[in-house]
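Engineer: I'm passing along upload28.txt; it holds compact mmCIF, C-alpha atoms.
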# COMPACT_ATOMS: atom_id res chain seq x y z
CA MET A 222 53.77 -20.34 -82.29
CA ASN A 223 51.92 -18.81 -79.34
CA ASN A 224 54.36 -16.29 -77.83
CA GLU A 225 52.23 -15.56 -74.77
CA SER A 226 54.09 -16.52 -71.59
CA ILE A 227 51.48 -17.06 -68.92
CA THR A 228 54.14 -17.90 -66.34
CA GLU A 229 55.60 -14.39 -66.80
CA LYS A 230 52.25 -12.58 -66.60
CA ASP A 231 51.61 -10.17 -63.75
CA SER A 232 50.29 -11.74 -60.56
CA LEU A 233 46.57 -11.46 -59.91
CA TYR A 234 47.50 -10.03 -56.50
CA HIS A 235 49.06 -6.62 -55.83
CA ASP A 236 50.85 -4.90 -52.95
CA LEU A 237 51.86 -8.23 -51.44
CA GLU A 238 54.03 -6.50 -48.84
CA MET A 239 50.91 -4.81 -47.44
CA MET A 240 49.13 -8.11 -46.76
CA THR A 241 48.95 -9.78 -43.36
CA VAL A 242 50.53 -13.22 -42.97
CA LYS A 243 47.03 -14.74 -42.98
CA GLU A 244 46.17 -12.96 -46.25
CA LEU A 245 49.43 -14.07 -47.86
CA LEU A 246 48.89 -17.69 -46.91
CA GLN A 247 45.22 -17.73 -47.89
CA ASN A 248 45.90 -16.14 -51.27
CA MET A 249 48.76 -18.53 -52.03
CA HIS A 250 46.48 -21.40 -51.06
CA GLU A 251 43.78 -20.11 -53.43
CA GLU A 252 46.32 -20.11 -56.26
CA ASP A 253 47.52 -23.62 -55.38
CA LYS A 254 43.95 -24.86 -55.84
CA LYS A 255 44.37 -24.22 -59.57
CA VAL A 256 47.06 -26.89 -59.90
CA LEU A 257 44.83 -29.99 -59.71
CA PRO A 258 42.42 -28.93 -62.50
CA ALA A 259 45.43 -28.10 -64.70
CA ILE A 260 46.78 -31.62 -64.17
CA SER A 261 43.34 -33.19 -64.74
CA ALA A 262 43.33 -31.57 -68.18
CA VAL A 263 46.55 -33.34 -69.23
CA MET A 264 45.87 -36.81 -67.84
CA PRO A 265 45.61 -38.39 -71.33
CA GLN A 266 49.10 -37.14 -72.20
CA ILE A 267 50.54 -38.38 -68.88
CA GLU A 268 48.92 -41.78 -69.48
CA LYS A 269 50.40 -41.99 -72.97
CA LEU A 270 53.87 -41.18 -71.66
CA VAL A 271 53.67 -43.73 -68.83
CA GLU A 272 52.58 -46.46 -71.25
CA GLN A 273 55.47 -45.69 -73.60
CA VAL A 274 58.11 -45.45 -70.85
CA PHE A 275 56.91 -48.75 -69.39
CA LEU A 276 57.21 -50.53 -72.74
CA ARG A 277 60.75 -49.20 -73.20
CA MET A 278 61.90 -49.92 -69.65
CA LYS A 279 60.75 -53.53 -69.98
CA LYS A 280 63.32 -53.82 -72.77
CA GLY A 281 66.09 -52.14 -70.79
CA GLY A 282 65.37 -48.47 -71.51
CA ARG A 283 65.99 -45.56 -69.16
CA LEU A 284 64.13 -42.34 -68.34
CA PHE A 285 66.00 -39.03 -68.50
CA TYR A 286 64.75 -35.76 -67.03
CA MET A 287 66.29 -32.53 -68.40
CA GLY A 288 65.77 -29.15 -66.79
CA ALA A 289 67.28 -25.92 -65.48
CA GLY A 290 66.78 -24.20 -62.13
CA THR A 291 63.69 -25.36 -60.24
CA SER A 292 62.63 -27.69 -63.06
CA GLY A 293 66.03 -29.37 -63.13
CA ARG A 294 66.07 -29.77 -59.36
CA LEU A 295 62.61 -31.35 -59.36
CA GLY A 296 63.72 -33.86 -61.99
CA ILE A 297 66.78 -34.78 -59.92
CA LEU A 298 64.64 -35.05 -56.77
CA ASP A 299 62.26 -37.50 -58.44
CA ALA A 300 65.07 -39.54 -60.02
CA SER A 301 67.01 -39.76 -56.75
CA GLU A 302 64.01 -41.14 -54.84
CA ILE A 303 63.33 -44.05 -57.20
CA PRO A 304 66.17 -46.42 -56.12
CA PRO A 305 65.47 -46.31 -52.36
CA THR A 306 61.70 -46.46 -52.85
CA PHE A 307 61.54 -49.23 -55.43
CA GLY A 308 64.89 -51.02 -55.12
CA VAL A 309 66.14 -50.33 -58.64
CA GLY A 310 69.56 -49.06 -59.77
CA TYR A 311 70.46 -45.38 -59.89
CA GLY A 312 70.89 -45.61 -63.66
CA LEU A 313 67.23 -46.29 -64.46
CA VAL A 314 65.82 -42.78 -63.92
CA ILE A 315 68.40 -40.03 -64.40
CA GLY A 316 67.97 -36.32 -63.71
CA LEU A 317 70.20 -33.83 -65.54
CA ILE A 318 70.37 -30.13 -64.69
CA ALA A 319 71.90 -27.26 -66.66
CA GLY A 320 75.19 -26.40 -64.97
CA GLY A 321 75.76 -29.87 -63.52
CA ASP A 322 75.50 -31.06 -59.93
CA ARG A 323 76.68 -27.77 -58.45
CA ALA A 324 73.55 -26.15 -59.92
CA ILE A 325 71.42 -28.26 -57.58
CA ARG A 326 72.31 -25.88 -54.74
CA LYS A 327 73.41 -22.70 -56.48
CA ALA A 328 72.42 -21.08 -59.77
CA VAL A 329 75.05 -21.44 -62.50
CA GLU A 330 75.08 -18.33 -64.64
CA ALA A 331 73.97 -18.78 -68.27
CA ALA A 332 74.11 -22.60 -68.06
CA GLU A 333 70.53 -22.95 -69.28
CA ASP A 334 71.29 -20.87 -72.38
CA ASP A 335 73.66 -23.50 -73.84
CA GLU A 336 71.56 -25.34 -76.44
CA ALA A 337 74.25 -27.95 -77.20
CA MET A 338 75.18 -28.99 -73.66
CA GLY A 339 72.13 -31.14 -72.88
CA TRP A 340 72.67 -33.45 -75.83
CA LYS A 341 76.39 -33.73 -75.08
CA GLU A 342 75.52 -34.95 -71.59
CA LEU A 343 73.06 -37.49 -72.99
CA GLU A 344 75.68 -38.73 -75.45
CA ARG A 345 78.16 -39.23 -72.61
CA LEU A 346 75.55 -41.47 -70.98
CA GLU A 347 75.26 -43.47 -74.23
CA ILE A 348 71.60 -42.67 -74.80
CA ASN A 349 69.82 -45.00 -77.22
CA GLU A 350 66.45 -45.67 -78.85
CA LEU A 351 65.09 -47.59 -75.85
CA ASP A 352 65.47 -44.50 -73.65
CA THR A 353 63.03 -41.61 -73.08
CA VAL A 354 63.90 -37.93 -72.63
CA VAL A 355 61.49 -35.68 -70.72
CA GLY A 356 62.24 -31.95 -70.85
CA ILE A 357 60.94 -29.95 -67.90
CA ALA A 358 60.60 -26.19 -68.26
CA ALA A 359 57.88 -23.89 -66.94
CA SER A 360 58.55 -21.41 -69.75
CA GLY A 361 58.78 -24.09 -72.43
CA ARG A 362 61.72 -22.36 -74.06
CA THR A 363 64.85 -23.19 -72.02
CA PRO A 364 67.63 -23.64 -74.65
CA TYR A 365 69.43 -26.38 -72.68
CA VAL A 366 66.23 -28.46 -72.69
CA VAL A 367 64.98 -27.57 -76.18
CA GLY A 368 68.35 -28.44 -77.75
CA ALA A 369 68.46 -31.82 -75.99
CA VAL A 370 64.98 -32.95 -77.05
CA LYS A 371 65.50 -31.80 -80.62
CA LYS A 372 68.63 -33.93 -80.98
CA ALA A 373 67.03 -36.86 -79.16
CA ARG A 374 64.07 -36.79 -81.53
CA GLU A 375 66.42 -36.69 -84.53
CA HIS A 376 67.91 -39.92 -83.17
CA LYS A 377 64.47 -41.59 -82.96
CA ILE A 378 64.39 -41.41 -79.15
CA LEU A 379 61.01 -40.88 -77.48
CA THR A 380 60.68 -37.33 -76.19
CA ALA A 381 58.18 -35.60 -73.93
CA CYS A 382 57.92 -32.39 -71.96
CA ILE A 383 56.28 -30.92 -68.88
CA VAL A 384 55.63 -27.21 -69.41
CA ASN A 385 53.38 -24.50 -67.94
CA ASN A 386 52.82 -22.35 -71.02
CA PRO A 387 50.69 -23.28 -74.05
CA GLY A 388 52.12 -23.64 -77.55
CA SER A 389 55.78 -23.44 -76.50
CA ILE A 390 58.80 -24.25 -78.65
CA LEU A 391 59.57 -27.18 -76.34
CA ALA A 392 56.10 -28.65 -76.78
CA LYS A 393 56.43 -28.28 -80.56
CA ASN A 394 59.59 -30.39 -80.55
CA VAL A 395 58.51 -33.45 -78.55
CA ASP A 396 56.37 -36.52 -79.20
CA ILE A 397 54.23 -36.11 -76.07
CA ALA A 398 53.60 -32.61 -74.70
CA ILE A 399 52.23 -32.28 -71.16
CA GLU A 400 51.12 -28.65 -70.81
CA ALA A 401 49.89 -27.94 -67.27
CA ILE A 402 48.52 -24.40 -67.51
CA VAL A 403 48.34 -23.21 -63.91
CA GLY A 404 48.18 -19.46 -64.67
CA PRO A 405 50.25 -16.51 -63.42
CA GLU A 406 52.25 -17.06 -60.23
CA PHE A 407 51.40 -15.43 -56.89
CA VAL A 408 54.77 -13.68 -57.01
CA THR A 409 55.08 -12.63 -60.66
CA GLY A 410 57.31 -15.04 -62.58
CA SER A 411 58.18 -17.20 -59.55
CA THR A 412 57.72 -20.59 -61.18
CA ARG A 413 58.99 -22.42 -58.09
CA MET A 414 55.40 -21.99 -56.87
CA LYS A 415 52.39 -23.32 -58.83
CA SER A 416 54.40 -24.37 -61.88
CA GLY A 417 56.89 -26.26 -59.75
CA THR A 418 54.09 -27.88 -57.75
CA SER A 419 52.43 -29.15 -60.92
CA GLN A 420 55.74 -30.51 -62.22
CA LYS A 421 56.43 -32.35 -58.96
CA MET A 422 52.98 -33.94 -58.97
CA ILE A 423 53.28 -35.06 -62.58
CA LEU A 424 56.76 -36.52 -62.03
CA ASN A 425 55.41 -38.46 -59.03
CA MET A 426 52.66 -39.87 -61.21
CA ILE A 427 54.98 -40.89 -64.04
CA THR A 428 57.62 -42.77 -62.09
CA THR A 429 55.28 -44.29 -59.50
CA SER A 430 53.00 -45.66 -62.22
CA VAL A 431 55.91 -47.04 -64.23
CA MET A 432 57.44 -48.73 -61.18
CA ILE A 433 54.12 -50.31 -60.23
CA LYS A 434 53.67 -51.64 -63.77
CA LEU A 435 57.21 -53.04 -63.63
CA GLY A 436 56.22 -55.07 -60.56
CA ARG A 437 58.13 -53.08 -57.95
CA VAL A 438 55.05 -52.83 -55.67
CA LYS A 439 52.96 -55.66 -54.19
CA GLY A 440 49.39 -54.81 -53.26
CA ASN A 441 50.05 -51.27 -52.14
CA LYS A 442 53.38 -51.90 -50.41
CA MET A 443 56.95 -50.87 -51.29
CA VAL A 444 58.23 -54.43 -51.07
CA ASN A 445 61.48 -53.58 -52.89
CA MET A 446 62.46 -50.51 -50.85
CA GLN A 447 66.06 -50.25 -49.67
CA LEU A 448 66.54 -50.66 -45.92
CA THR A 449 68.42 -47.41 -45.43
CA ASN A 450 67.20 -46.59 -41.90
CA GLN A 451 65.44 -48.09 -38.89
CA LYS A 452 62.07 -46.65 -39.90
CA LEU A 453 62.19 -48.61 -43.16
CA VAL A 454 63.39 -51.78 -41.43
CA HIS A 455 60.40 -51.48 -39.08
CA ARG A 456 58.04 -50.85 -42.00
CA GLY A 457 59.41 -53.87 -43.86
CA THR A 458 59.09 -56.03 -40.76
CA ARG A 459 55.43 -55.08 -40.42
CA MET A 460 54.82 -55.98 -44.07
CA ILE A 461 56.28 -59.47 -43.56
CA VAL A 462 54.29 -60.02 -40.36
CA SER A 463 51.13 -58.99 -42.23
CA GLU A 464 51.84 -61.12 -45.31
CA LEU A 465 53.24 -64.29 -43.72
CA GLY A 466 52.05 -64.25 -40.11
CA TYR A 467 55.58 -64.57 -38.74
CA SER A 468 56.56 -63.20 -35.35
CA GLU A 469 58.10 -59.74 -35.41
CA ASP A 470 61.53 -61.10 -34.41
CA LYS A 471 61.51 -63.73 -37.17
CA ALA A 472 60.24 -61.23 -39.75
CA LYS A 473 62.99 -58.72 -38.91
CA ARG A 474 65.71 -61.40 -38.93
CA LEU A 475 64.64 -62.64 -42.35
CA LEU A 476 64.30 -59.10 -43.69
CA LEU A 477 67.87 -58.23 -42.72
CA LEU A 478 69.08 -61.57 -44.06
CA HIS A 479 67.43 -61.24 -47.48
CA GLY A 480 67.67 -57.45 -47.85
CA SER A 481 64.09 -56.71 -48.96
CA VAL A 482 60.50 -57.68 -48.24
CA ASN A 483 60.14 -59.06 -51.73
CA GLU A 484 63.08 -61.44 -51.30
CA VAL A 485 61.61 -62.73 -48.02
CA LEU A 486 58.26 -63.35 -49.75
CA LYS A 487 60.01 -65.17 -52.60
CA ALA A 488 61.93 -67.37 -50.17
CA ALA A 489 58.71 -68.20 -48.33
CA ARG A 490 57.02 -69.21 -51.61
CA ASN A 491 59.96 -71.43 -52.54
CA GLU A 492 59.75 -73.26 -49.21
CA LYS A 493 56.17 -74.35 -49.91
Would you put the structure from the file into structure tokens?

Structural biologist:
Amino acid sequence: MNNESITEKDSLYHDLEMMTVKELLQNMHEEDKKVLPAISAVMPQIEKLVEQVFLRMKKGGRLFYMGAGTSGRLGILDASEIPPTFGVGYGLVIGLIAGGDRAIRKAVEAAEDDEAMGWKELERLEINELDTVVGIAASGRTPYVVGAVKKAREHKILTACIVNNPGSILAKNVDIAIEAIVGPEFVTGSTRMKSGTSQKMILNMITTSVMIKLGRVKGNKMVNMQLTNQKLVHRGTRMIVSELGYSEDKAKRLLLLHGSVNEVLKAARNEK
């Protein structure tokens, strides 16, 4: 196994406290430019994962994200945005973080070092062979995540990972390894920066692609979004006006009656 931890390597920049604000921002921006090429290099692995998750979700499977610290929070962020964006249940994409929900806001000491806890949480959620487990860890060695994917794989469950170091123990123990090598962080070891950015972008790609393939988008519109605020009601109204040529008042009335753009479009088709 390659023991080199790129995410822990010394920053390419020194004496940060001596830099002007402009220099700090410009140098961080230069580092951020390295994220997109790193993701381009792992597109085949992302594609493979999306295809496999889609096939399993069509049969009733779920997608689990497992992480600690920043990685765990990013998984929860992505999972929590899927229901309002695509109108699916909260049990379809599930984010789990070492230390539980309280760790979303505050670090829970030593929670990520418990190798057995992740699998216990998955068992409580009655994980099965139609599900997929994606471990997220910049280091690629977080025990909470490694332990969970190992057990999942033993139970013939599809496993994948998003990591920022090459040849990690996590990557060695999954079916599909997505290794986005973004290099040392601007602040040495601060993986909330480039590593976290790459993870967020990859998570966006995975769930958005899966939801589109599952038919939760029409054209390029979020026709199944939940109407949780006036902005989204207005957006949905505009979609109906555009699709069906109704007046704005009629479109809004029907949207609120049916609960989603997609249901209004279905009702309109049935009337023909």

Engineer: If we count only C-alpha atoms and set the cut-off at 12 Å, which residues sit around Lys269 in chain A, ignoring sequence neighbours fewer than 5 positions away in its own chain? Please answer as a list in words.

Structural biologist: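 That gives Val263, Met264, Val274, Phe275, Leu276, Leu379, Thr380, Ala381, Asp396, Ile397, Ala398, Ile399, Ile427, Ser430 and Val431 of chain A.
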
Engineer: Please measure the separation of CA of Met278 in chain A and CA of Leu317 in chain A, giving the value in Å to one decimal.

Structural biologist: 18.6 Å

Engineer: Applying 8 Å and all atoms listed in the file, which residues near range 245-252 of chain A remain after dropping the ones on its own chain fewer than 6 positions away? List them as a list in words.

Structural biologist: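 The residues satisfying every condition are Leu237, Glu406, Phe407 and Lys415 of chain A.
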
Engineer: Find the residues with any atom within 12 Å of (62.6, -40.9, -53.9); use all atoms listed in the file and the coordinates as given in the file, and write the answer as a PyMOL selection string.

Structural biologist: chain A and resi 295-309+311+314+421+424-425+428-429+432+443+446-447

Engineer: Work out how far CA of Ser232 in chain A is from CA of Ala259 in chain A, in Å to one decimal.

Structural biologist: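 The value is 17.6 Å.
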
Engineer: Point out the residue among A:Gly288, A:Gly388, A:Gly457, A:Gly339 with the least atom-to-atom distance to Val444 in chain A, counting only C-alpha atoms.

Structural biologist: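 Nearest candidate to Val444 in chain A out of A:Gly288, A:Gly388, A:Gly457, A:Gly339: A:Gly457.
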
Engineer: For range 326-336 of chain A, list every protein, DNA or RNA residue within 10 Å, evaluated using only C-alpha atoms, and leave out those in the same chain fewer than 6 positions away; present the list as a list in words.

Structural biologist: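 So the residues in contact are Gly288, Ala289, Gly290, Thr291, Gly293, Arg294, Ile318, Ala319, Gly320, Arg362, Thr363, Pro364, Tyr365, Val366, Val367, Gly368, Ala369 and Lys371 of chain A.
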
Engineer: For each of A:Thr449, A:Ser226, A:Thr458, A:Asn441, take the minimum atom-to-atom distance to Val485 in chain A, counting only C-alpha atoms, then give the residue where this is smallest.

Structural biologist: A:Thr458

Engineer: If I take CA of Ile390 in chain A and CA of Val370 in chain A, how far is one from the other in Å, to one decimal?

Structural biologist: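 For CA of Ile390 in chain A relative to CA of Val370 in chain A, the distance reads 10.8 Å.
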
Engineer: Using only C-alpha atoms, which residue out of A:Leu257, A:Leu486, A:Ile402, A:Ile348 lies closest to Lys372 in chain A?

Structural biologist: A:Ile348

Engineer: Taking every listed atom of range 455-465 of chain A and adding 8 Å to each side, what centre and edge lengths in Å (one decimal) does the axis-aligned box have, as JSON?

Structural biologist:
{"center_x": 55.8, "center_y": -57.6, "center_z": -42.2, "size_x": 25.3, "size_y": 29.4, "size_z": 22.2}

Engineer: Quick one: of A:Gly436, A:Gly466, A:Gly356, A:Gly310, who's nearest to Tyr286 in chain A, counting all atoms listed in the file?

Structural biologist: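 Looking at the shortest contact to Tyr286 in chain A, the residue is A:Gly356.
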
Engineer: With distances taken over all atoms listed in the file, which of A:Leu477, A:Ile461, A:Val482, A:Val408 is nearest to Asp236 in chain A?

Structural biologist: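 Among the listed residues, the smallest separation from Asp236 in chain A belongs to A:Val408.
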
Engineer: Just give me the residues with any atom within 7 Å of (46.0, -27.8, -67.0), file coordinates, counting all atoms listed in the file, written as JSON, numbers by chain.

Structural biologist: {"A": [258, 259, 260, 261, 262, 263, 400, 401, 402, 403]}

Engineer: For Gly361 in chain A, work out the shell of residues within 7 Å, counting all atoms listed in the file and skipping chain neighbours fewer than 6 positions away, then give it as an MDAnalysis selection string.

Structural biologist: chainID A and resid 384 386 389:392

Engineer: Can you patch up range 345-368 of chain A, filling it in to N, CA and C atoms, and show the result as a tab-separated table (two decimals), in the coordinates of the input?

Structural biologist:
chain	number	residue	atom	x	y	z
A	345	ARG	N	77.18	-38.66	-73.55
A	345	ARG	CA	78.16	-39.23	-72.61
A	345	ARG	C	77.55	-40.42	-71.84
A	346	LEU	N	76.25	-40.38	-71.67
A	346	LEU	CA	75.55	-41.47	-70.98
A	346	LEU	C	75.06	-42.54	-71.95
A	347	GLU	N	75.53	-42.46	-73.19
A	347	GLU	CA	75.26	-43.47	-74.23
A	347	GLU	C	73.76	-43.69	-74.42
A	348	ILE	N	73.04	-42.59	-74.57
A	348	ILE	CA	71.60	-42.67	-74.80
A	348	ILE	C	71.30	-43.45	-76.07
A	349	ASN	N	70.18	-44.19	-76.06
A	349	ASN	CA	69.82	-45.00	-77.22
A	349	ASN	C	68.31	-45.01	-77.43
A	350	GLU	N	67.86	-45.72	-78.45
A	350	GLU	CA	66.45	-45.67	-78.85
A	350	GLU	C	65.48	-46.31	-77.87
A	351	LEU	N	65.98	-47.04	-76.87
A	351	LEU	CA	65.09	-47.59	-75.85
A	351	LEU	C	64.82	-46.58	-74.73
A	352	ASP	N	65.59	-45.49	-74.70
A	352	ASP	CA	65.47	-44.50	-73.65
A	352	ASP	C	64.37	-43.47	-73.96
A	353	THR	N	64.02	-42.69	-72.95
A	353	THR	CA	63.03	-41.61	-73.08
A	353	THR	C	63.61	-40.35	-72.47
A	354	VAL	N	63.43	-39.22	-73.14
A	354	VAL	CA	63.90	-37.93	-72.63
A	354	VAL	C	62.68	-37.05	-72.35
A	355	VAL	N	62.56	-36.58	-71.10
A	355	VAL	CA	61.49	-35.68	-70.72
A	355	VAL	C	62.10	-34.32	-70.35
A	356	GLY	N	61.78	-33.30	-71.15
A	356	GLY	CA	62.24	-31.95	-70.85
A	356	GLY	C	61.27	-31.26	-69.92
A	357	ILE	N	61.79	-30.64	-68.87
A	357	ILE	CA	60.94	-29.95	-67.90
A	357	ILE	C	61.30	-28.47	-67.92
A	358	ALA	N	60.33	-27.62	-68.21
A	358	ALA	CA	60.60	-26.19	-68.26
A	358	ALA	C	59.29	-25.43	-68.16
A	359	ALA	N	59.13	-24.66	-67.11
A	359	ALA	CA	57.88	-23.89	-66.94
A	359	ALA	C	57.63	-23.01	-68.15
A	360	SER	N	58.68	-22.33	-68.62
A	360	SER	CA	58.55	-21.41	-69.75
A	360	SER	C	58.30	-22.14	-71.06
A	361	GLY	N	58.87	-23.35	-71.18
A	361	GLY	CA	58.78	-24.09	-72.43
A	361	GLY	C	59.76	-23.61	-73.48
A	362	ARG	N	60.77	-22.86	-73.06
A	362	ARG	CA	61.72	-22.36	-74.06
A	362	ARG	C	63.18	-22.41	-73.60
A	363	THR	N	63.48	-23.11	-72.52
A	363	THR	CA	64.85	-23.19	-72.02
A	363	THR	C	65.77	-23.83	-73.06
A	364	PRO	N	66.78	-23.11	-73.57
A	364	PRO	CA	67.63	-23.64	-74.65
A	364	PRO	C	68.29	-24.98	-74.32
A	365	TYR	N	68.78	-25.13	-73.10
A	365	TYR	CA	69.43	-26.38	-72.68
A	365	TYR	C	68.50	-27.57	-72.89
A	366	VAL	N	67.22	-27.38	-72.58
A	366	VAL	CA	66.23	-28.46	-72.69
A	366	VAL	C	65.77	-28.63	-74.13
A	367	VAL	N	65.46	-27.52	-74.80
A	367	VAL	CA	64.98	-27.57	-76.18
A	367	VAL	C	66.03	-28.24	-77.08
A	368	GLY	N	67.28	-27.86	-76.92
A	368	GLY	CA	68.35	-28.44	-77.75
A	368	GLY	C	68.47	-29.94	-77.55
